[in-house]
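Contents: one structure, followed by commentary.
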Amino acid sequence: MGDHATDILDTISTRKAQGEPFALATVVRTVAATAAKAGAKAVILPDGTMSEGWIGGGCARAAVLKAAREALADGKPRLLSVQPPDALQDQGIPADEERGGVRFAKNMCPSEGSMDIFIEPVLPRPQIVICGGSPVAVAIADLGRRIGFDVTVCAPAAEQAAFGEVERRIEGYALPVMEAGARFVVVSTQGRGDEAALQAALAVDADYVAFVGSRKKADALKTALAQLGVAPERLAMLKAPAGLDLGAITPEEIAVSIIAEIVAGRRGRQRREIRAT
């Protein structure tokens with residue numbers, strides 16, 4: 001039992017370190033359920049597979065996997081109560097109904113036991129990717145880390161020294177095309193490699209791509225990028241100028257306006273997704 005617990009903790013630690021999303025299911029209570037014990041854990045991947053651990057065979061498997069998929073979709077934990085059909089009937093609770101924050105499901109096994117399972121999504125931290133080493137870029141990196149974003153800095157080697165502690169540094173603008181978790185890209189190159197940085201930023205999957213600069217300059221760059229073959233739908237993703245209109249002037253104020261726009265977009269999307277489910 002000790003080895004098994006260590007194995008699953010190793011799996012959780014490794015997946016978290018690699019930024020891979022998963023759900024952690026923990027049995028918190030059992031009544032007359034011989035197969036599962038309180039404290040049993042399982043790691044469930046986004047594709048619905050159970051990669052590590054065990055929480056009691058097939059009796060609750062379908063309900064747990066469904067709840068795990070939902071938790072990974074909206075980022076919210078679930079408390080699932082799996083009970084025999086007659087126990088649910090006695091309480092007047094239809095299967096798959098939610099009451100007081102608890103989702104109820106039928107136990108499909110003859111053991112007639114009940115078990116409560118807490119399902120927690122473990123998602124990678126949202127990431128801000130900053131292209132360029134301008135004073136605005138440095139201010140965004142500092143503020144972004146303080147409020148809980150992982151920060152990746154993409155800039156030529158000579159510009160990297162301007163930044164303090166960040167999670168990752170990439171020399172130049174070779175951004176990874178796909179990554180787990182939300183990704184917000186800000187191009188703040190201040191005339192040094194604008195075109196190359198924007199082309200790289202618009203080639204990746206991101207929740208937000210913004211350019212720090214005037215509308216006139218952004219329009220000229222969009223025209224140049226279109227001539228280089230950047231697709232119109234990619235160019236339409238570009239937010240320029242970056243940030244909410246706060247009347248910002250200093251690099252720090254501009255950084256606040258951009259972070260505020262990222263937070264507003266991120267939280268607003270989460271609320272829309274939750275309402276849609």
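In the structure tokens, chains take letters A, B, ... by order of appearance, with residues numbered from 1 within each chain and ligands from 1 in the order shown.
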Test item: residues at most 9 Å from stretch 186-193 of chain A, only C-alpha atoms, excluding those fewer than 4 positions along its chain, as number ranges by chain
A: 128-137, 140, 155, 197-198, 201, 208-213, 242, 258
Kindly save the residues from that selection, with all heavy atoms included, as a short mmCIF file (atom, residue, chain, number, x, y, z; two decimals), in the first residue's frame.
```cif
data_model
loop_
_atom_site.label_atom_id
_atom_site.label_comp_id
_atom_site.auth_asym_id
_atom_site.auth_seq_id
_atom_site.Cartn_x
_atom_site.Cartn_y
_atom_site.Cartn_z
N ILE A 128 2.02 33.47 -19.78
CA ILE A 128 2.21 34.66 -20.61
C ILE A 128 3.54 34.49 -21.33
O ILE A 128 4.58 34.22 -20.71
CB ILE A 128 2.22 35.96 -19.78
CG1 ILE A 128 0.82 36.22 -19.20
CG2 ILE A 128 2.65 37.15 -20.63
CD1 ILE A 128 0.73 37.46 -18.32
N VAL A 129 3.49 34.60 -22.66
CA VAL A 129 4.70 34.52 -23.49
C VAL A 129 4.99 35.93 -23.98
O VAL A 129 4.14 36.56 -24.63
CB VAL A 129 4.49 33.57 -24.68
CG1 VAL A 129 5.76 33.52 -25.53
CG2 VAL A 129 4.11 32.18 -24.20
N ILE A 130 6.16 36.43 -23.66
CA ILE A 130 6.54 37.79 -24.03
C ILE A 130 7.62 37.73 -25.09
O ILE A 130 8.67 37.10 -24.89
CB ILE A 130 7.05 38.57 -22.80
CG1 ILE A 130 5.97 38.62 -21.72
CG2 ILE A 130 7.48 39.98 -23.19
CD1 ILE A 130 6.50 38.94 -20.35
N CYS A 131 7.37 38.37 -26.22
CA CYS A 131 8.36 38.44 -27.30
C CYS A 131 8.97 39.83 -27.29
O CYS A 131 8.26 40.82 -27.49
CB CYS A 131 7.72 38.17 -28.65
SG CYS A 131 7.02 36.51 -28.82
N GLY A 132 10.26 39.89 -27.04
CA GLY A 132 10.94 41.19 -27.03
C GLY A 132 11.44 41.54 -25.65
O GLY A 132 11.01 40.98 -24.65
N GLY A 133 12.38 42.50 -25.62
CA GLY A 133 12.99 42.89 -24.36
C GLY A 133 12.80 44.36 -24.03
O GLY A 133 13.63 44.96 -23.37
N SER A 134 11.69 44.94 -24.47
CA SER A 134 11.42 46.36 -24.21
C SER A 134 11.10 46.58 -22.73
O SER A 134 10.81 45.63 -21.99
CB SER A 134 10.23 46.82 -25.05
OG SER A 134 9.03 46.22 -24.55
N PRO A 135 11.12 47.83 -22.26
CA PRO A 135 10.71 48.11 -20.87
C PRO A 135 9.28 47.63 -20.56
O PRO A 135 9.02 47.15 -19.45
CB PRO A 135 10.82 49.64 -20.77
CG PRO A 135 11.87 50.00 -21.77
CD PRO A 135 11.68 49.05 -22.91
N VAL A 136 8.39 47.71 -21.54
CA VAL A 136 7.02 47.20 -21.32
C VAL A 136 7.06 45.69 -21.14
O VAL A 136 6.38 45.14 -20.26
CB VAL A 136 6.09 47.59 -22.49
CG1 VAL A 136 4.75 46.87 -22.36
CG2 VAL A 136 5.88 49.10 -22.54
N ALA A 137 7.86 44.99 -21.94
CA ALA A 137 7.98 43.54 -21.84
C ALA A 137 8.48 43.14 -20.45
O ALA A 137 7.97 42.21 -19.82
CB ALA A 137 8.93 43.01 -22.92
N ILE A 140 5.70 43.61 -17.91
CA ILE A 140 4.67 42.55 -18.03
C ILE A 140 5.16 41.28 -17.35
O ILE A 140 4.41 40.61 -16.64
CB ILE A 140 4.33 42.28 -19.51
CG1 ILE A 140 3.61 43.47 -20.14
CG2 ILE A 140 3.47 41.02 -19.64
CD1 ILE A 140 3.48 43.38 -21.65
N ALA A 155 13.36 36.30 -26.68
CA ALA A 155 14.10 37.51 -27.08
C ALA A 155 15.51 37.11 -27.47
O ALA A 155 16.01 36.06 -27.04
CB ALA A 155 14.12 38.52 -25.93
N ALA A 197 8.93 38.50 -34.82
CA ALA A 197 8.24 38.12 -33.59
C ALA A 197 6.74 37.93 -33.83
O ALA A 197 6.14 36.97 -33.34
CB ALA A 197 8.47 39.18 -32.52
N LEU A 198 6.13 38.84 -34.59
CA LEU A 198 4.70 38.73 -34.87
C LEU A 198 4.40 37.50 -35.71
O LEU A 198 3.40 36.80 -35.48
CB LEU A 198 4.20 39.99 -35.59
CG LEU A 198 3.73 41.13 -34.71
CD1 LEU A 198 3.41 42.35 -35.56
CD2 LEU A 198 2.50 40.73 -33.90
N ALA A 201 4.48 34.60 -33.36
CA ALA A 201 3.37 34.63 -32.41
C ALA A 201 2.05 34.21 -33.07
O ALA A 201 1.24 33.52 -32.46
CB ALA A 201 3.23 36.03 -31.81
N TYR A 208 -4.66 34.47 -26.90
CA TYR A 208 -4.57 35.93 -27.03
C TYR A 208 -3.23 36.24 -27.66
O TYR A 208 -2.20 35.69 -27.23
CB TYR A 208 -4.70 36.53 -25.64
CG TYR A 208 -4.42 38.01 -25.46
CD1 TYR A 208 -5.44 38.96 -25.54
CD2 TYR A 208 -3.13 38.47 -25.14
CE1 TYR A 208 -5.19 40.31 -25.31
CE2 TYR A 208 -2.88 39.81 -24.91
CZ TYR A 208 -3.91 40.73 -24.99
OH TYR A 208 -3.67 42.06 -24.76
N VAL A 209 -3.22 37.08 -28.68
CA VAL A 209 -1.97 37.58 -29.26
C VAL A 209 -2.11 39.08 -29.40
O VAL A 209 -3.06 39.57 -30.03
CB VAL A 209 -1.66 36.95 -30.64
CG1 VAL A 209 -0.32 37.46 -31.16
CG2 VAL A 209 -1.65 35.43 -30.57
N ALA A 210 -1.20 39.83 -28.80
CA ALA A 210 -1.31 41.29 -28.82
C ALA A 210 0.03 41.92 -29.18
O ALA A 210 1.10 41.36 -28.93
CB ALA A 210 -1.78 41.79 -27.46
N PHE A 211 -0.06 43.12 -29.76
CA PHE A 211 1.12 43.88 -30.18
C PHE A 211 1.16 45.20 -29.45
O PHE A 211 0.17 45.95 -29.46
CB PHE A 211 1.10 44.11 -31.70
CG PHE A 211 2.22 44.97 -32.20
CD1 PHE A 211 3.52 44.47 -32.24
CD2 PHE A 211 1.99 46.27 -32.63
CE1 PHE A 211 4.57 45.26 -32.69
CE2 PHE A 211 3.03 47.06 -33.10
CZ PHE A 211 4.33 46.56 -33.13
N VAL A 212 2.29 45.48 -28.81
CA VAL A 212 2.47 46.75 -28.10
C VAL A 212 3.04 47.76 -29.10
O VAL A 212 4.19 47.65 -29.51
CB VAL A 212 3.41 46.59 -26.89
CG1 VAL A 212 3.59 47.93 -26.18
CG2 VAL A 212 2.87 45.54 -25.93
N GLY A 213 2.20 48.70 -29.49
CA GLY A 213 2.60 49.70 -30.48
C GLY A 213 1.37 50.41 -31.00
O GLY A 213 0.24 50.06 -30.64
N ALA A 242 -2.20 46.70 -27.89
CA ALA A 242 -2.47 45.79 -26.77
C ALA A 242 -3.01 46.55 -25.56
O ALA A 242 -2.67 47.70 -25.35
CB ALA A 242 -1.18 45.07 -26.38
N ILE A 258 -2.37 45.71 -20.12
CA ILE A 258 -2.30 44.45 -20.89
C ILE A 258 -2.66 43.26 -20.00
O ILE A 258 -3.45 42.40 -20.40
CB ILE A 258 -0.90 44.29 -21.51
CG1 ILE A 258 -0.69 45.35 -22.59
CG2 ILE A 258 -0.73 42.89 -22.11
CD1 ILE A 258 0.76 45.51 -23.04
#
```
Please list as a PyMOL selection string every residue within 8 Å of A:Leu80, counting only C-alpha atoms and excluding residues in the same chain fewer than 4 positions away.
chain A and resi 64+67+102-105+116-119
Please produce a file of the residues just selected, as a PDB file, in the first residue's frame, where the atoms kept are N, CA and C atoms.
```
ATOM      1  N   VAL A  64     -17.217   8.412 -12.482  1.00  0.00           N
ATOM      2  CA  VAL A  64     -15.993   9.130 -12.116  1.00  0.00           C
ATOM      3  C   VAL A  64     -15.332   9.734 -13.350  1.00  0.00           C
ATOM      4  N   ALA A  67     -17.303  12.757 -14.534  1.00  0.00           N
ATOM      5  CA  ALA A  67     -17.078  13.908 -13.651  1.00  0.00           C
ATOM      6  C   ALA A  67     -15.675  14.485 -13.851  1.00  0.00           C
ATOM      7  N   VAL A 102     -23.258  18.298  -4.583  1.00  0.00           N
ATOM      8  CA  VAL A 102     -22.917  16.868  -4.687  1.00  0.00           C
ATOM      9  C   VAL A 102     -23.624  16.269  -5.892  1.00  0.00           C
ATOM     10  N   ARG A 103     -22.880  15.588  -6.762  1.00  0.00           N
ATOM     11  CA  ARG A 103     -23.452  14.879  -7.904  1.00  0.00           C
ATOM     12  C   ARG A 103     -23.704  13.438  -7.486  1.00  0.00           C
ATOM     13  N   PHE A 104     -24.914  12.931  -7.749  1.00  0.00           N
ATOM     14  CA  PHE A 104     -25.275  11.565  -7.364  1.00  0.00           C
ATOM     15  C   PHE A 104     -25.234  10.649  -8.586  1.00  0.00           C
ATOM     16  N   ALA A 105     -24.774   9.410  -8.359  1.00  0.00           N
ATOM     17  CA  ALA A 105     -24.713   8.425  -9.441  1.00  0.00           C
ATOM     18  C   ALA A 105     -25.036   7.052  -8.876  1.00  0.00           C
ATOM     19  N   ASP A 116     -18.174   8.065  -1.673  1.00  0.00           N
ATOM     20  CA  ASP A 116     -18.086   9.461  -2.064  1.00  0.00           C
ATOM     21  C   ASP A 116     -16.672   9.722  -2.575  1.00  0.00           C
ATOM     22  N   ILE A 117     -16.588  10.397  -3.722  1.00  0.00           N
ATOM     23  CA  ILE A 117     -15.297  10.593  -4.386  1.00  0.00           C
ATOM     24  C   ILE A 117     -15.125  12.066  -4.707  1.00  0.00           C
ATOM     25  N   PHE A 118     -14.005  12.626  -4.274  1.00  0.00           N
ATOM     26  CA  PHE A 118     -13.679  14.023  -4.592  1.00  0.00           C
ATOM     27  C   PHE A 118     -12.805  14.037  -5.835  1.00  0.00           C
ATOM     28  N   ILE A 119     -13.213  14.833  -6.824  1.00  0.00           N
ATOM     29  CA  ILE A 119     -12.495  14.870  -8.105  1.00  0.00           C
ATOM     30  C   ILE A 119     -11.977  16.286  -8.331  1.00  0.00           C
TER      31      ILE A 119
END
```
What's the 7 Å shell around stretch 38-40 of chain A, counting only C-alpha atoms, without same-chain residues fewer than 3 positions away, as a list of chain:residue names?
A:Thr26, A:Val27, A:Val28, A:Arg29, A:Thr30, A:Trp54, A:Ile55
For C-alpha atoms, I'd like the residues from the last selection saved as a tab-separated table (two decimals), in the first residue's frame.
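File written: out_14.tsv
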```tsv
chain	number	residue	atom	x	y	z
A	26	THR	CA	-9.85	10.51	-4.12
A	27	VAL	CA	-12.28	8.24	-2.27
A	28	VAL	CA	-13.26	10.25	0.82
A	29	ARG	CA	-15.91	7.94	2.34
A	30	THR	CA	-17.30	4.43	1.86
A	54	TRP	CA	-7.44	2.52	-8.41
A	55	ILE	CA	-10.69	3.59	-6.77
```
If you run DSSP on the backbone, which residues of stretch 20-195 of chain A are alpha helix (DSSP H), as a ChimeraX atom specification?
/A:61-74,85-91,135-146,157-160,194-195
Choose the residue, out of A:Ser114, A:Ser13, A:Ser81, A:Thr250, that has the smallest atom-to-atom separation from A:Glu98; count only C-alpha atoms.
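Counting only C-alpha atoms, the residue closest to A:Glu98 is A:Ser81.
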Got a sec to tell me which of stretch 204-235 of chain A DSSP assigns to strand (DSSP E), as a PyMOL selection string?
chain A and resi 208-211
Using N, CA, C and O atoms, can you export the residues from the last selection as a CSV table (one decimal), in the first residue's frame?
```csv
chain,number,residue,atom,x,y,z
A,208,TYR,N,-4.7,34.5,-26.9
A,208,TYR,CA,-4.6,35.9,-27.0
A,208,TYR,C,-3.2,36.2,-27.7
A,208,TYR,O,-2.2,35.7,-27.2
A,209,VAL,N,-3.2,37.1,-28.7
A,209,VAL,CA,-2.0,37.6,-29.3
A,209,VAL,C,-2.1,39.1,-29.4
A,209,VAL,O,-3.1,39.6,-30.0
A,210,ALA,N,-1.2,39.8,-28.8
A,210,ALA,CA,-1.3,41.3,-28.8
A,210,ALA,C,0.0,41.9,-29.2
A,210,ALA,O,1.1,41.4,-28.9
A,211,PHE,N,-0.1,43.1,-29.8
A,211,PHE,CA,1.1,43.9,-30.2
A,211,PHE,C,1.2,45.2,-29.4
A,211,PHE,O,0.2,45.9,-29.5
```
Between A:Asp7, A:Asp74, A:Ala236, A:Lys106, smallest distance to A:Gln89 by only C-alpha atoms belongs to A:Lys106
Just how far from atom CA of A:Ala23 is atom CA of A:Val166, in Å to one decimal?
26.8 Å
Provide the atom CA of A:Gln83 to atom CA of A:Asn107 distance in Å, to one decimal place.
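Atom CA of A:Asn107 lies 5.0 Å from atom CA of A:Gln83.
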